[in-house]
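Asker: One structure, pasted below without further comment.
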Amino acid sequence: TDTDQENEKMNDDEMSYDLVSRPRRLRTTPAMRRFAAETRVTPSELILPVFVKEGLSEPQPLASMPGVVQHSMDSLKRAAAEAVELGLSGFMLFGVPETRDAVGSAALDPEGILNRGIRAVREEVGDEIVVMSDLCLDEFTDHGHCGVLDEQGRVDNDRTLEIYGRMGVAQAQAGAHMVAPSGMMDGQVGVIRAALDAAGREDVSILAYSAKYSSAFYGPFREAVDSTLTGDRKAYQMDPANRREALLEMQLDLDEGADMVMVKPAMSYLDILREVADASPVPVSAYQISGEYAMIEAAAANGWINRDAAVRESVLSIKRAGANSILTYYATELARWFRDENGR
Ligand code: PBG
């Protein structure tokens, strides 16, 4: 045909193929790319993890997480008010106590820093955002493990469960809407559910850290909670080599009454997140953790990557992999950007 001959006769000034599909057409302008975008992140999908430290009068910056602080009670309340104003979904609270002991007593004390922090945040925000609390002993034990130790120095699963149950009730009574067990003890969700129900707190929900891996990327978090951990958590957190057990852990947590499940860390585990998201009948969260934050900040500080673009891309990819909500230290900043850009 004429056209075929035309196409074969390619000269230097008018070279063009008769391609049926040109995906670049949908990438031509910002407006076109916005129209074609399959994935968007909104403030209501973001949850801000926050640290509140006992005895502080001013917030303390964290060297390994530039831009993140340990809050005083006052700055914590201001951060909570800001989260409401920006339309975040929630707040995940971590407490940093002044004193620690072998069994993490401060976790059960209604006047312990985490429980006081929960109470202060609830007074500030009411039901405007979801107030969540980390349910784990590592911030409260002097050895830094997520549970109590037996005579051999191993983390004692079932004795820890008993404490987790009471800890869940203490957090619920302090005002947590949702508790988030992150210690990776077998049976933790079931024991906490039963304890909450026995205390008449059927209304309090559980976000289970179901697939929580033993990750090197938790490093900066140890500074954030002044942790003194010696050794590692490999005997209870999951092996990064494994995929199948993520689905097993998810199923067990669902059977035990988890209302939502989580994958953590996020960026090195996007494959796991996708599988859990595909299999889960309940909403799935992912946690962009301290080391993921620190990597972006460090590279950006060196001028090696564009910080804002990297932040957006990282969170977008977590959403694309199937997360319904994302815990990220960038939550506030992202929400402010989204607001200023009016959805762009
Ligand atoms: C356990 C807990 C940890 C994090 C959240 N909950 C630390 C750990 O398991 O070692 C890490 C969060 C982060 O790195 O940002 N209480």
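Residues in the structure tokens are named by chain (A, B, ... in the order shown) and by number from 1 within that chain; ligands are numbered from 1 in the order shown.
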Write out as a list in words the residues lying within 9 Å of Cys136 of chain A, counting only C-alpha atoms and excluding same-chain residues fewer than 2 positions away.
Answerer: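 What passes the distance filter is Ala107, Asp134, Asp138, Glu139, Phe140, Cys146, Gly147, Tyr164, Met167, Ala180, Pro181, Ser182, Gly183 and Met184 of chain A.
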Asker: Would you pick out the contacts of segment 293-302 of chain A at 8 Å or less, using only C-alpha atoms, so that residues sharing its chain but fewer than 2 positions from it are not included, and give the list as a VMD selection string?
Answerer: chain A and resid 64 to 66 220 288 to 291 304 to 307 310 to 311 329
Asker: In Å, rounded to a single decimal, give me how far atom CA of Thr141 of chain A is from atom CA of Val155 of chain A.
Answerer: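 If I compute the distance from atom CA of Val155 of chain A to atom CA of Thr141 of chain A, I get 11.7 Å.
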Asker: Give me, please, the distance in Å between atom 16 (N, counted along the ligand's line) of ligand 1 and atom CA of Ser210 of chain A, quoted to one decimal.
Answerer: 13.3 Å
Asker: Find the residues around Leu108 of chain A up to 9 Å (only C-alpha atoms counted), leave out those fewer than 5 positions away in its own chain, and share them as a ChimeraX atom specification.
Answerer: /A:115,163-164,166-171
Asker: Output as a PyMOL selection string all residues of segment 69-252 of chain A that backbone DSSP marks as helix (DSSP H, G or I).
Answerer: chain A and resi 73-86+105-107+113-125+157-174+188-198+216-224+244-252
Asker: Find the residues around Ala224 of chain A up to 7 Å (only C-alpha atoms counted), leave out those fewer than 3 positions away in its own chain, and share them as a PDB file with N, CA and C atoms, in the first residue's frame.
Answerer:
```pdb
ATOM      1  N   LEU A  62      16.379  14.010  66.965  1.00  0.00           N
ATOM      2  CA  LEU A  62      17.064  12.720  66.891  1.00  0.00           C
ATOM      3  C   LEU A  62      18.134  12.775  65.799  1.00  0.00           C
ATOM      4  N   GLN A  70      11.891  13.444  69.786  1.00  0.00           N
ATOM      5  CA  GLN A  70      11.221  12.855  70.947  1.00  0.00           C
ATOM      6  C   GLN A  70      10.400  13.995  71.531  1.00  0.00           C
ATOM      7  N   PRO A 220      17.836   3.275  63.512  1.00  0.00           N
ATOM      8  CA  PRO A 220      17.614   4.592  64.121  1.00  0.00           C
ATOM      9  C   PRO A 220      16.510   4.609  65.182  1.00  0.00           C
ATOM     10  N   PHE A 221      15.565   3.670  65.088  1.00  0.00           N
ATOM     11  CA  PHE A 221      14.487   3.590  66.089  1.00  0.00           C
ATOM     12  C   PHE A 221      15.062   3.347  67.484  1.00  0.00           C
TER      13      PHE A 221
END
```
Asker: Identify, on the basis of only C-alpha atoms, every residue whose closest approach to segment 45-52 of chain A does not exceed 8 Å; exclude the query and any residue fewer than 3 positions from it along the same chain; express the result as a ChimeraX atom specification.
Answerer: /A:41-42,69-73,76,83,88-96,113-114,117,224-225,324-332
Asker: Can you pull out every residue within 8 Å of Leu229 of chain A, counting only C-alpha atoms, but drop anything in the same chain fewer than 4 positions away, and send it as a PyMOL selection string?
Answerer: chain A and resi 143-145+222
Asker: Those selected residues, please, written with N, CA and C atoms and delivered as a compact mmCIF listing (two decimals), in the first residue's frame.
Answerer:
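That gives us result-v4.txt:
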```
# COMPACT_ATOMS: atom_id res chain seq x y z
N HIS A 143 16.75 -4.77 79.40
CA HIS A 143 17.55 -5.54 78.44
C HIS A 143 17.15 -5.23 76.99
N GLY A 144 16.05 -4.48 76.81
CA GLY A 144 15.66 -4.03 75.47
C GLY A 144 14.92 -5.05 74.62
N HIS A 145 14.63 -6.25 75.18
CA HIS A 145 13.88 -7.23 74.38
C HIS A 145 12.38 -6.96 74.46
N ARG A 222 16.16 2.61 67.54
CA ARG A 222 16.77 2.31 68.84
C ARG A 222 17.21 3.59 69.52
```
Asker: For the strand (DSSP E or B) assignment from backbone DSSP, which residues of segment 104-312 of chain A qualify? Please present them as an MDAnalysis selection string.
Answerer: chainID A and resid 130:135 141 149 155 178:181 205:213 238 260:264 284:288
Asker: Generate a file of the selected residues that holds C-alpha atoms, formatted as an mmCIF file, in the first residue's frame.
Answerer:
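Done, and the output landed in out_1.cif:
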```
data_model
loop_
_atom_site.group_PDB
_atom_site.id
_atom_site.type_symbol
_atom_site.label_atom_id
_atom_site.label_comp_id
_atom_site.auth_asym_id
_atom_site.auth_seq_id
_atom_site.Cartn_x
_atom_site.Cartn_y
_atom_site.Cartn_z
ATOM 1 C CA VAL A 130 -7.489 7.260 65.468
ATOM 2 C CA VAL A 131 -5.189 7.089 68.475
ATOM 3 C CA MET A 132 -3.018 3.976 68.322
ATOM 4 C CA SER A 133 -0.347 2.713 70.636
ATOM 5 C CA ASP A 134 2.599 0.401 70.187
ATOM 6 C CA LEU A 135 2.010 -2.656 72.323
ATOM 7 C CA THR A 141 12.672 -3.417 79.592
ATOM 8 C CA LEU A 149 13.425 -13.355 79.729
ATOM 9 C CA VAL A 155 12.406 -14.344 75.495
ATOM 10 C CA MET A 178 -6.548 0.775 68.643
ATOM 11 C CA VAL A 179 -3.624 -1.169 70.055
ATOM 12 C CA ALA A 180 -0.795 -2.402 67.869
ATOM 13 C CA PRO A 181 1.065 -5.467 69.138
ATOM 14 C CA SER A 205 -9.508 -2.645 67.914
ATOM 15 C CA ILE A 206 -6.247 -4.423 67.150
ATOM 16 C CA LEU A 207 -3.808 -3.557 64.391
ATOM 17 C CA ALA A 208 -1.522 -6.583 64.252
ATOM 18 C CA TYR A 209 2.067 -6.241 63.149
ATOM 19 C CA SER A 210 1.573 -9.576 61.408
ATOM 20 C CA ALA A 211 4.563 -9.800 59.111
ATOM 21 C CA LYS A 212 7.276 -8.069 61.053
ATOM 22 C CA TYR A 213 10.758 -8.924 59.885
ATOM 23 C CA MET A 238 10.693 -13.027 61.018
ATOM 24 C CA MET A 260 -6.183 -4.932 60.588
ATOM 25 C CA VAL A 261 -2.826 -6.386 59.647
ATOM 26 C CA MET A 262 0.530 -4.793 58.896
ATOM 27 C CA VAL A 263 3.688 -5.522 56.955
ATOM 28 C CA LYS A 264 6.922 -4.053 58.270
ATOM 29 C CA VAL A 284 -3.564 -3.751 55.303
ATOM 30 C CA SER A 285 -1.049 -1.252 56.650
ATOM 31 C CA ALA A 286 2.640 -0.924 55.915
ATOM 32 C CA TYR A 287 5.262 0.803 58.038
ATOM 33 C CA GLN A 288 7.993 2.851 56.388
#
```
Asker: In Å, rounded to a single decimal, give me how far atom CA of Gly187 of chain A is from atom 15 (O, counted along the ligand's line) of ligand 1.
Answerer: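 It comes out at 23.3 Å.
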